[in-house]
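Here is protein19.txt, consisting of compact mmCIF, C-alpha atoms:
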# COMPACT_ATOMS: atom_id res chain seq x y z
CA MET A 1 12.00 -43.49 0.86
CA THR A 2 13.20 -42.37 -2.55
CA THR A 3 14.07 -44.76 -5.40
CA GLU A 4 16.25 -43.78 -8.30
CA VAL A 5 15.24 -44.63 -11.88
CA ARG A 6 18.29 -45.18 -14.04
CA VAL A 7 19.01 -45.99 -17.69
CA PRO A 8 18.92 -49.78 -18.14
CA THR A 9 21.58 -51.78 -19.96
CA LEU A 10 21.18 -50.82 -23.60
CA GLY A 11 22.97 -53.76 -25.21
CA GLU A 12 26.36 -54.59 -26.62
CA SER A 13 28.22 -51.59 -28.13
CA VAL A 14 25.37 -49.18 -27.24
CA THR A 15 26.49 -46.58 -24.71
CA GLU A 16 24.06 -43.70 -25.18
CA ALA A 17 20.37 -43.05 -25.71
CA THR A 18 18.10 -40.06 -26.17
CA VAL A 19 15.13 -39.45 -23.87
CA ALA A 20 12.30 -39.47 -26.38
CA THR A 21 9.09 -39.16 -24.35
CA TRP A 22 8.07 -38.90 -20.70
CA PHE A 23 4.71 -40.56 -20.03
CA LYS A 24 4.58 -39.22 -16.46
CA GLN A 25 5.25 -35.83 -14.92
CA PRO A 26 6.44 -34.85 -11.40
CA GLY A 27 3.63 -35.38 -8.91
CA ASP A 28 1.97 -38.19 -10.92
CA ALA A 29 1.29 -41.48 -9.17
CA VAL A 30 2.99 -44.52 -10.70
CA ALA A 31 2.49 -48.25 -10.29
CA VAL A 32 5.10 -51.00 -10.37
CA ASP A 33 6.17 -51.73 -13.98
CA GLU A 34 4.16 -48.77 -15.31
CA MET A 35 6.00 -47.14 -18.21
CA LEU A 36 7.70 -43.91 -17.20
CA CYS A 37 9.55 -42.91 -20.34
CA GLU A 38 10.84 -44.08 -23.69
CA LEU A 39 14.50 -44.01 -24.71
CA GLU A 40 15.63 -43.95 -28.32
CA THR A 41 18.96 -45.62 -29.10
CA ASP A 42 20.74 -45.95 -32.41
CA LYS A 43 19.12 -49.36 -32.89
CA VAL A 44 15.83 -49.73 -31.03
CA THR A 45 13.41 -47.94 -28.71
CA VAL A 46 13.65 -48.92 -25.04
CA GLU A 47 10.81 -48.47 -22.55
CA VAL A 48 11.73 -47.74 -18.93
CA PRO A 49 9.24 -49.12 -16.34
CA SER A 50 8.84 -47.95 -12.77
CA PRO A 51 10.69 -50.21 -10.31
CA VAL A 52 8.35 -49.31 -7.42
CA ALA A 53 4.92 -47.85 -6.71
CA GLY A 54 4.76 -44.27 -5.52
CA THR A 55 4.90 -40.72 -6.82
CA LEU A 56 7.26 -39.36 -9.45
CA SER A 57 9.02 -36.69 -7.46
CA GLU A 58 11.62 -35.45 -9.94
CA ILE A 59 12.62 -35.82 -13.60
CA VAL A 60 16.38 -35.44 -13.94
CA ALA A 61 16.82 -36.13 -17.68
CA ALA A 62 14.46 -34.06 -19.83
CA GLU A 63 13.09 -35.02 -23.24
CA GLY A 64 15.73 -34.70 -25.96
CA GLU A 65 18.63 -35.10 -23.53
CA THR A 66 21.35 -37.66 -24.29
CA VAL A 67 22.04 -40.06 -21.45
CA GLY A 68 24.42 -42.96 -20.91
CA VAL A 69 24.06 -46.38 -19.36
CA ASP A 70 23.08 -46.18 -15.66
CA ALA A 71 22.51 -42.41 -15.83
CA LEU A 72 19.89 -41.05 -13.45
CA LEU A 73 16.56 -40.44 -15.17
CA ALA A 74 14.18 -39.67 -12.31
CA GLN A 75 13.38 -40.19 -8.66
CA ILE A 76 10.28 -41.83 -7.20
CA ALA A 77 8.95 -41.33 -3.67
CA GLU A 78 7.72 -44.75 -2.63
CA GLY A 79 4.44 -45.89 -1.09
CA ALA A 80 1.78 -44.01 0.84
CA ALA A 81 4.32 -41.49 2.11
CA ALA A 82 5.01 -40.42 -1.44
CA GLN A 83 3.57 -36.93 -0.97
CA ALA A 84 5.60 -36.18 2.15
CA PRO A 85 9.02 -36.25 0.52
CA LYS A 86 7.62 -34.07 -2.24
CA ALA A 87 6.48 -31.47 0.28
CA GLU A 88 9.77 -31.63 2.14
CA ALA A 89 11.65 -31.24 -1.09
CA SER A 90 9.81 -28.01 -1.83
CA LYS A 91 10.69 -26.60 1.59
CA GLU A 92 14.31 -27.65 1.48
CA ALA A 93 14.86 -26.98 -2.23
CA PRO A 94 17.82 -24.62 -1.78
CA ALA A 95 19.73 -27.18 0.31
CA GLU A 96 18.74 -30.36 -1.53
CA GLU A 97 18.73 -29.41 -5.22
CA PRO A 98 22.49 -28.89 -5.62
CA LYS A 99 23.10 -32.27 -3.98
CA ALA A 100 20.54 -34.04 -6.16
CA THR A 101 21.93 -32.64 -9.38
CA ALA A 102 25.58 -33.07 -8.42
CA ALA A 103 25.31 -36.84 -8.04
CA PRO A 104 23.94 -37.51 -11.50
CA ALA A 105 26.54 -35.22 -13.01
CA ALA A 106 29.32 -37.06 -11.24
CA ALA A 107 27.88 -40.42 -12.17
CA LYS A 108 27.57 -39.34 -15.76
CA LYS A 109 31.20 -38.28 -15.93
CA ASP A 110 32.57 -41.35 -14.14
CA VAL A 111 30.43 -44.00 -15.82
CA GLU A 112 28.77 -43.49 -19.13
CA ASP A 113 30.74 -40.72 -20.83
CA ALA A 114 34.02 -42.68 -20.86
CA PRO A 115 32.95 -45.08 -23.69
CA SER A 116 31.84 -42.08 -25.73
CA ALA A 117 35.22 -40.47 -25.15
CA LYS A 118 36.99 -43.57 -26.42
CA LYS A 119 34.80 -43.65 -29.49
CA LEU A 120 35.38 -39.96 -30.28
CA MET A 121 39.13 -40.33 -29.78
CA ALA A 122 39.26 -43.31 -32.15
CA GLU A 123 37.17 -41.55 -34.80
CA ASN A 124 39.29 -38.41 -34.69
CA ASP A 125 42.70 -40.09 -34.18
CA LEU A 126 43.33 -38.43 -30.82
CA THR A 127 45.73 -40.03 -28.35
CA ASP A 128 46.84 -37.32 -25.93
CA VAL A 129 43.77 -35.83 -24.22
CA GLN A 130 43.90 -34.39 -20.72
CA GLY A 131 41.25 -36.07 -18.57
CA THR A 132 39.24 -34.24 -15.92
CA GLY A 133 37.34 -37.23 -14.56
CA LYS A 134 38.02 -39.35 -11.54
CA ASP A 135 41.63 -40.51 -11.40
CA GLY A 136 42.35 -38.52 -14.57
CA ARG A 137 39.84 -40.46 -16.64
CA VAL A 138 39.15 -38.90 -20.05
CA MET A 139 35.55 -37.80 -20.43
CA LYS A 140 33.50 -37.01 -23.51
CA GLU A 141 33.69 -33.29 -22.70
CA ASP A 142 37.48 -33.51 -22.64
CA VAL A 143 37.57 -34.95 -26.14
CA LEU A 144 35.12 -32.36 -27.44
CA LYS A 145 37.23 -29.61 -25.90
CA ALA A 146 40.37 -31.05 -27.50
CA LEU A 147 38.64 -31.20 -30.86
CA SER A 148 37.46 -27.61 -30.59
CA GLU A 149 41.02 -26.48 -29.90
CA LYS A 150 42.49 -28.27 -32.93
CA PRO A 151 43.53 -25.79 -35.68
CA SER A 152 41.80 -27.89 -38.30
CA ALA A 153 38.47 -27.82 -36.51
CA PRO A 154 36.91 -25.08 -38.68
CA ALA A 155 37.63 -27.13 -41.81
CA ALA A 156 35.61 -30.03 -40.40
CA VAL A 157 32.49 -27.93 -40.08
CA ALA A 158 29.87 -28.90 -42.64
CA THR A 159 29.24 -26.52 -45.48
CA PRO A 160 26.40 -24.23 -44.41
CA ARG A 161 23.11 -24.61 -46.21
CA ALA A 162 22.47 -22.10 -48.97
CA PRO A 163 20.15 -19.26 -47.94
CA VAL A 164 16.49 -19.97 -48.59
CA PRO A 165 14.45 -17.27 -50.32
CA ALA A 166 12.09 -15.59 -47.89
CA ALA A 167 9.13 -16.57 -50.06
CA GLN A 168 10.00 -20.25 -49.62
CA ALA A 169 10.99 -20.27 -45.93
CA ASP A 170 7.44 -20.68 -44.65
CA ARG A 171 6.92 -23.68 -46.94
CA GLU A 172 9.68 -25.73 -45.32
CA GLU A 173 9.69 -27.80 -42.18
CA ARG A 174 12.81 -28.59 -40.17
CA VAL A 175 12.70 -31.83 -38.16
CA LYS A 176 15.60 -33.16 -36.08
CA MET A 177 16.85 -36.53 -37.26
CA THR A 178 16.05 -39.39 -34.93
CA ARG A 179 18.95 -41.20 -33.31
CA LEU A 180 18.17 -44.24 -35.48
CA ARG A 181 18.30 -42.16 -38.67
CA GLN A 182 21.54 -40.48 -37.56
CA THR A 183 23.09 -43.88 -36.92
CA ILE A 184 21.92 -45.24 -40.27
CA ALA A 185 23.51 -42.25 -42.01
CA LYS A 186 26.75 -42.58 -40.07
CA ARG A 187 27.09 -46.36 -40.47
CA LEU A 188 26.40 -46.29 -44.20
CA LYS A 189 28.92 -43.50 -44.75
CA ASP A 190 31.47 -45.26 -42.53
CA SER A 191 30.94 -48.40 -44.60
CA GLN A 192 31.75 -46.51 -47.80
CA ASN A 193 34.78 -44.85 -46.23
CA THR A 194 36.20 -48.02 -44.66
CA ALA A 195 35.51 -50.95 -46.99
CA ALA A 196 36.81 -51.31 -50.53
CA MET A 197 33.26 -51.88 -51.70
CA LEU A 198 32.48 -53.30 -55.10
CA THR A 199 29.30 -54.76 -56.61
CA THR A 200 28.89 -57.59 -59.09
CA TYR A 201 25.62 -58.41 -60.87
CA ASN A 202 23.86 -61.41 -62.36
CA GLU A 203 20.33 -62.43 -63.21
CA VAL A 204 18.30 -65.47 -62.21
CA ASP A 205 15.44 -67.26 -63.91
CA MET A 206 12.81 -67.72 -61.17
CA THR A 207 10.74 -70.27 -63.12
CA GLU A 208 11.72 -73.33 -61.05
CA VAL A 209 11.43 -71.63 -57.66
CA MET A 210 8.01 -70.21 -58.53
CA ALA A 211 6.80 -73.59 -59.82
CA LEU A 212 8.05 -75.36 -56.68
CA ARG A 213 6.45 -72.75 -54.46
CA ASP A 214 3.10 -72.96 -56.28
CA ALA A 215 3.12 -76.76 -56.11
CA TYR A 216 3.73 -77.03 -52.36
CA LYS A 217 2.59 -73.74 -50.79
CA ASP A 218 -0.78 -75.13 -49.60
CA LEU A 219 0.76 -78.29 -48.07
CA PHE A 220 3.55 -76.20 -46.57
CA LEU A 221 1.08 -73.83 -44.91
CA LYS A 222 -1.07 -76.70 -43.66
CA LYS A 223 1.84 -78.58 -42.08
CA HIS A 224 4.04 -75.77 -40.81
CA GLY A 225 1.53 -72.99 -40.20
CA VAL A 226 3.53 -70.42 -42.18
CA LYS A 227 3.48 -69.33 -45.82
CA LEU A 228 6.23 -70.48 -48.16
CA GLY A 229 7.88 -67.36 -49.56
CA PHE A 230 10.92 -66.61 -51.68
CA MET A 231 13.16 -65.53 -48.79
CA SER A 232 13.75 -69.09 -47.54
CA PHE A 233 14.93 -70.13 -51.01
CA PHE A 234 17.32 -67.18 -51.19
CA THR A 235 18.55 -67.79 -47.65
CA LYS A 236 19.25 -71.45 -48.44
CA ALA A 237 20.92 -70.54 -51.72
CA CYS A 238 23.19 -67.99 -50.01
CA ILE A 239 24.14 -70.47 -47.27
CA HIS A 240 24.99 -73.00 -49.99
CA ALA A 241 27.22 -70.44 -51.73
CA LEU A 242 28.85 -69.24 -48.49
CA HIS A 243 30.09 -72.74 -47.79
CA GLU A 244 31.99 -72.67 -51.08
CA VAL A 245 33.20 -69.07 -50.79
CA PRO A 246 33.81 -68.62 -47.03
CA GLU A 247 35.54 -65.23 -47.38
CA VAL A 248 32.14 -63.64 -48.14
CA ASN A 249 31.09 -64.84 -44.67
CA ALA A 250 34.20 -63.42 -42.99
CA GLU A 251 35.23 -60.08 -41.54
CA ILE A 252 38.41 -58.07 -41.02
CA ASP A 253 39.70 -57.54 -37.49
CA GLY A 254 42.80 -55.37 -37.62
CA THR A 255 45.30 -57.35 -39.67
CA ASP A 256 43.39 -60.64 -39.25
CA VAL A 257 40.59 -62.19 -41.27
CA VAL A 258 37.99 -63.92 -39.09
CA TYR A 259 36.25 -66.77 -40.90
CA LYS A 260 32.84 -67.76 -39.51
CA ASN A 261 32.01 -71.47 -39.40
CA TYR A 262 28.34 -70.59 -39.02
CA VAL A 263 25.85 -68.36 -40.80
CA ASN A 264 23.89 -65.72 -38.91
CA MET A 265 21.72 -64.32 -41.68
CA GLY A 266 20.66 -60.68 -41.51
CA ILE A 267 17.38 -59.87 -43.26
CA ALA A 268 17.10 -56.13 -43.96
CA ALA A 269 13.64 -54.76 -43.20
CA GLY A 270 12.21 -51.32 -43.85
CA THR A 271 10.18 -49.78 -41.02
CA PRO A 272 8.43 -46.41 -40.59
CA THR A 273 11.40 -45.19 -38.54
CA GLY A 274 14.18 -46.53 -40.77
CA LEU A 275 16.05 -49.60 -41.93
CA VAL A 276 16.79 -52.36 -39.41
CA VAL A 277 18.50 -55.71 -39.90
CA PRO A 278 17.21 -58.48 -37.61
CA VAL A 279 19.46 -61.54 -37.53
CA ILE A 280 18.52 -65.21 -37.82
CA ASN A 281 21.16 -67.05 -35.83
CA ASP A 282 22.51 -70.37 -37.12
CA ALA A 283 20.40 -70.15 -40.26
CA ASP A 284 22.62 -72.82 -41.82
CA GLN A 285 21.17 -75.34 -39.35
CA MET A 286 17.53 -74.47 -40.05
CA SER A 287 14.89 -75.94 -42.35
CA PHE A 288 12.81 -74.00 -44.89
CA ALA A 289 9.94 -73.88 -42.39
CA ALA A 290 12.13 -72.67 -39.50
CA ILE A 291 13.60 -69.94 -41.69
CA GLU A 292 10.16 -68.77 -42.86
CA LYS A 293 8.87 -68.69 -39.28
CA ALA A 294 11.91 -66.75 -38.09
CA ILE A 295 11.60 -64.23 -40.93
CA ALA A 296 7.87 -63.73 -40.24
CA GLU A 297 8.49 -63.26 -36.52
CA MET A 298 11.37 -60.84 -36.99
CA GLY A 299 9.46 -58.89 -39.62
CA ALA A 300 6.49 -58.41 -37.29
CA LYS A 301 8.75 -57.26 -34.47
CA ALA A 302 10.55 -54.85 -36.80
CA ARG A 303 7.28 -53.24 -37.91
CA ASP A 304 6.13 -52.90 -34.30
CA GLY A 305 9.47 -51.57 -33.09
CA LYS A 306 9.84 -54.49 -30.67
CA LEU A 307 13.19 -55.88 -31.80
CA SER A 308 15.68 -56.38 -28.99
CA MET A 309 19.37 -55.52 -29.19
CA ALA A 310 20.34 -59.19 -29.27
CA GLU A 311 18.09 -59.79 -32.28
CA MET A 312 20.05 -57.29 -34.39
CA GLN A 313 23.60 -58.28 -33.48
CA GLY A 314 26.01 -60.93 -34.65
CA GLY A 315 25.06 -61.10 -38.34
CA THR A 316 27.65 -62.56 -40.73
CA PHE A 317 25.89 -61.90 -44.06
CA THR A 318 22.86 -59.85 -45.11
CA ILE A 319 20.07 -60.14 -47.67
CA SER A 320 18.23 -56.98 -48.75
CA ASN A 321 15.02 -57.27 -50.79
CA GLY A 322 14.41 -54.03 -52.66
CA GLY A 323 12.09 -55.89 -55.02
CA VAL A 324 9.19 -55.55 -52.62
CA TYR A 325 9.28 -51.81 -53.33
CA GLY A 326 9.61 -52.29 -57.10
CA SER A 327 13.37 -51.84 -57.45
CA LEU A 328 14.68 -53.37 -60.68
CA MET A 329 18.39 -53.00 -59.87
CA SER A 330 20.49 -51.42 -57.13
CA SER A 331 23.87 -51.64 -55.39
CA PRO A 332 23.33 -52.45 -51.70
CA ILE A 333 25.75 -50.99 -49.14
CA LEU A 334 27.63 -53.33 -46.82
CA ASN A 335 26.49 -53.74 -43.25
CA PRO A 336 29.85 -53.47 -41.40
CA PRO A 337 31.79 -55.42 -40.29
CA GLN A 338 30.25 -57.92 -42.73
CA SER A 339 31.99 -58.50 -46.06
CA GLY A 340 28.96 -59.29 -48.23
CA ILE A 341 25.35 -58.34 -48.86
CA LEU A 342 22.99 -59.74 -51.48
CA GLY A 343 20.47 -57.46 -53.15
CA MET A 344 17.24 -59.02 -54.43
CA HIS A 345 15.05 -57.15 -56.89
CA LYS A 346 11.74 -57.16 -58.69
CA ILE A 347 10.69 -60.28 -60.62
CA GLN A 348 9.83 -59.15 -64.14
CA ASP A 349 8.80 -61.10 -67.23
CA ARG A 350 11.41 -60.62 -69.94
CA PRO A 351 12.12 -62.26 -73.32
CA MET A 352 15.05 -64.69 -72.98
CA ALA A 353 16.91 -66.80 -75.53
CA ILE A 354 16.51 -70.43 -74.39
CA ASN A 355 17.89 -73.20 -76.62
CA GLY A 356 17.81 -70.94 -79.64
CA GLN A 357 14.24 -69.75 -79.05
CA VAL A 358 12.87 -66.57 -77.51
CA VAL A 359 10.66 -67.35 -74.51
CA ILE A 360 9.17 -65.23 -71.73
CA ARG A 361 10.66 -65.97 -68.32
CA PRO A 362 10.27 -64.40 -64.85
CA MET A 363 13.69 -62.84 -64.31
CA MET A 364 15.32 -61.13 -61.34
CA TYR A 365 18.53 -59.16 -61.18
CA LEU A 366 20.86 -60.07 -58.30
CA ALA A 367 23.56 -57.81 -56.86
CA LEU A 368 26.36 -58.80 -54.51
CA SER A 369 28.23 -55.96 -52.83
CA TYR A 370 31.43 -57.17 -51.21
CA ASP A 371 34.54 -55.93 -49.44
CA HIS A 372 37.30 -56.20 -52.02
CA ARG A 373 39.92 -56.13 -49.24
CA ILE A 374 39.27 -59.80 -48.50
CA VAL A 375 36.94 -60.96 -51.29
CA ASP A 376 38.49 -61.17 -54.75
CA GLY A 377 36.48 -60.74 -57.93
CA LYS A 378 36.67 -64.46 -58.63
CA GLY A 379 35.17 -65.32 -55.25
CA ALA A 380 32.40 -62.73 -55.57
CA VAL A 381 31.41 -63.88 -59.07
CA THR A 382 31.57 -67.55 -58.00
CA PHE A 383 29.32 -66.81 -55.04
CA LEU A 384 26.69 -65.11 -57.18
CA VAL A 385 26.82 -67.86 -59.82
CA ARG A 386 26.24 -70.51 -57.12
CA VAL A 387 23.23 -68.57 -55.83
CA LYS A 388 21.89 -68.34 -59.39
CA GLU A 389 22.42 -72.07 -60.02
CA ALA A 390 20.72 -73.08 -56.77
CA LEU A 391 17.68 -70.94 -57.53
CA GLU A 392 17.35 -72.02 -61.15
CA ASP A 393 17.62 -75.70 -60.11
CA PRO A 394 16.62 -76.06 -56.40
CA ARG A 395 17.49 -79.78 -56.52
CA ARG A 396 21.12 -78.68 -56.19
CA LEU A 397 20.39 -77.66 -52.60
CA LEU A 398 19.32 -81.24 -51.76
CA MET A 399 22.41 -82.79 -53.33
CA ASP A 400 24.88 -80.07 -52.22
CA LEU A 401 25.97 -79.31 -55.77

Can you turn what I pasted into structure tokens?
Amino acid sequence: MTTEVRVPTLGESVTEATVATWFKQPGDAVAVDEMLCELETDKVTVEVPSPVAGTLSEIVAAEGETVGVDALLAQIAEGAAAQAPKAEASKEAPAEEPKATAAPAAAKKDVEDAPSAKKLMAENDLTDVQGTGKDGRVMKEDVLKALSEKPSAPAAVATPRAPVPAAQADREERVKMTRLRQTIAKRLKDSQNTAAMLTTYNEVDMTEVMALRDAYKDLFLKKHGVKLGFMSFFTKACIHALHEVPEVNAEIDGTDVVYKNYVNMGIAAGTPTGLVVPVINDADQMSFAAIEKAIAEMGAKARDGKLSMAEMQGGTFTISNGGVYGSLMSSPILNPPQSGILGMHKIQDRPMAINGQVVIRPMMYLALSYDHRIVDGKGAVTFLVRVKEALEDPRRLLMDL
């Protein structure tokens, strides 16, 4: 008996993946739940386990191939009779191979290429495409063909790279971008092209937050089992400001503005493979300790590449901490469809004029990038001032001031 191995559900809005690595080859024995291959999506890496014990008889999707949801990846000959089907397959290859390859191709056209076709049509403003799929369904290939036939197609081709001197050619290395990196590049560029993005700046005196943290960090660790960091203070301060300026916690949907009566806080995290933004759901209902625990857990998963799709979806606002890398000031790019992102930066001692005297204070620059289509300058500046006030006097958070 032969069992098909197919692409699992990849998560909301994810329709394609790239076959990154096969851990098994045809003829290898596999156990139940043993990892067969690894798929790379635009958000996370997905491992595909074996559904049965037996022998891997055929790999349908090779490494580097793009596959859709439920596409056929491989076939496994089950149980002790695993070798028999393999032998029969070799004898009957001429008759069986066309049948085996035809089914996946049909499934691919009828199932997973349709969402890709819709996406390509929307991105390229195409409405009238002749479909070749079942019942006239438009496939990805149909859209690509239509695009190639458009007169303006040559203009859309990227400017070719300047010729490299022969003496330098052997000193370069060309590496294909990962799907995650391609998606990061596309989403960031789409964000710039779509949103009317603007950034406003302020600075915050971190004296009170640092003193409060130093005073209670040992007790906090002893009681809650997690270190007290700066991120929980910034998360709380942003939540406090979002309640006063709700448009920063909203998003545009067509001609509507959707206001969120909750805060799902995205915490941007750098990983070896690229930037990811795990989301802390209902952060506005959480304590300092719960926020710190969630951030620590999400950060560990991000570094290990173990974040699930659900853990990176549904964010309403994002905090990005470039200060951990030494950044003094930057303009963060929006994480669409969100309308606001706060940029934290390096804490640096600077001379400040306080009550007519020059004193040294630990200062941090803050940056709020926002979508000017729904957030006015007044709202953006008010938001950032409220964050500044809450951090410079944390007692405001207790009294909702």

| field | Distance of CA of Glu63 in chain A from CA of Ala77 in chain A, expressed in Å to one decimal place | value |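 CA of Ala77 in chain A sits 21.0 Å away from CA of Glu63 in chain A.
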
| With all atoms listed in the file as the atoms that count, which of A:Val46, A:Ala290, A:Val67, A:Leu147 lies nearest to Gly305 in chain A? | A:Val46

With all atoms listed in the file counted, which protein, DNA or RNA residues have an atom no more than 6 Å from (7.8, -33.6, -12.6) in the file frame? Please answer as a PDB file with C-alpha atoms, in the frame of the given file.
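selection.pdb, freshly written:
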ATOM      1  CA  GLN A  25       5.250 -35.830 -14.920  1.00  0.00           C
ATOM      2  CA  PRO A  26       6.440 -34.850 -11.400  1.00  0.00           C
ATOM      3  CA  GLY A  27       3.630 -35.380  -8.910  1.00  0.00           C
ATOM      4  CA  GLU A  58      11.620 -35.450  -9.940  1.00  0.00           C
ATOM      5  CA  ILE A  59      12.620 -35.820 -13.600  1.00  0.00           C
TER       6      ILE A  59
END

| Ala283 in chain A surroundings by all atoms listed in the file, 10 Å radius, close-in-sequence under 2 positions cut, as JSON, numbers by chain | {"A": [232, 235, 236, 239, 262, 263, 264, 265, 266, 279, 280, 281, 285, 286, 287, 288, 290, 291, 294]}

| message | What does the structure give for the distance between CA of Glu208 in chain A and CA of Gly323 in chain A, in Å to one decimal? | response |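 Spanning CA of Glu208 in chain A to CA of Gly323 in chain A is a straight-line distance of 18.5 Å.
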
| field | Residue nearest Met364 in chain A - candidates A:Ile184, A:Leu36, A:Val381, A:Met329, atoms counted: only C-alpha atoms | value |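 Using only C-alpha atoms, Met364 in chain A sits closest to A:Met329.
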
| Given the choices A:Ala20, A:Leu219, A:Ala269, A:Val7, which gets closest to Gly322 in chain A if the distance is worked out from all atoms listed in the file? | A:Ala269

| For Tyr201 in chain A, the nearest of the candidates A:Arg303, A:Arg187, A:Lys388, A:Arg213, counting all atoms listed in the file |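 Counting all atoms listed in the file, the residue closest to Tyr201 in chain A is A:Lys388.
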
| What is the distance, in Å and to one decimal place, between CA of Ala310 in chain A and CA of Lys260 in chain A? |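 About the pair CA of Ala310 in chain A and CA of Lys260 in chain A: they are 18.3 Å apart.
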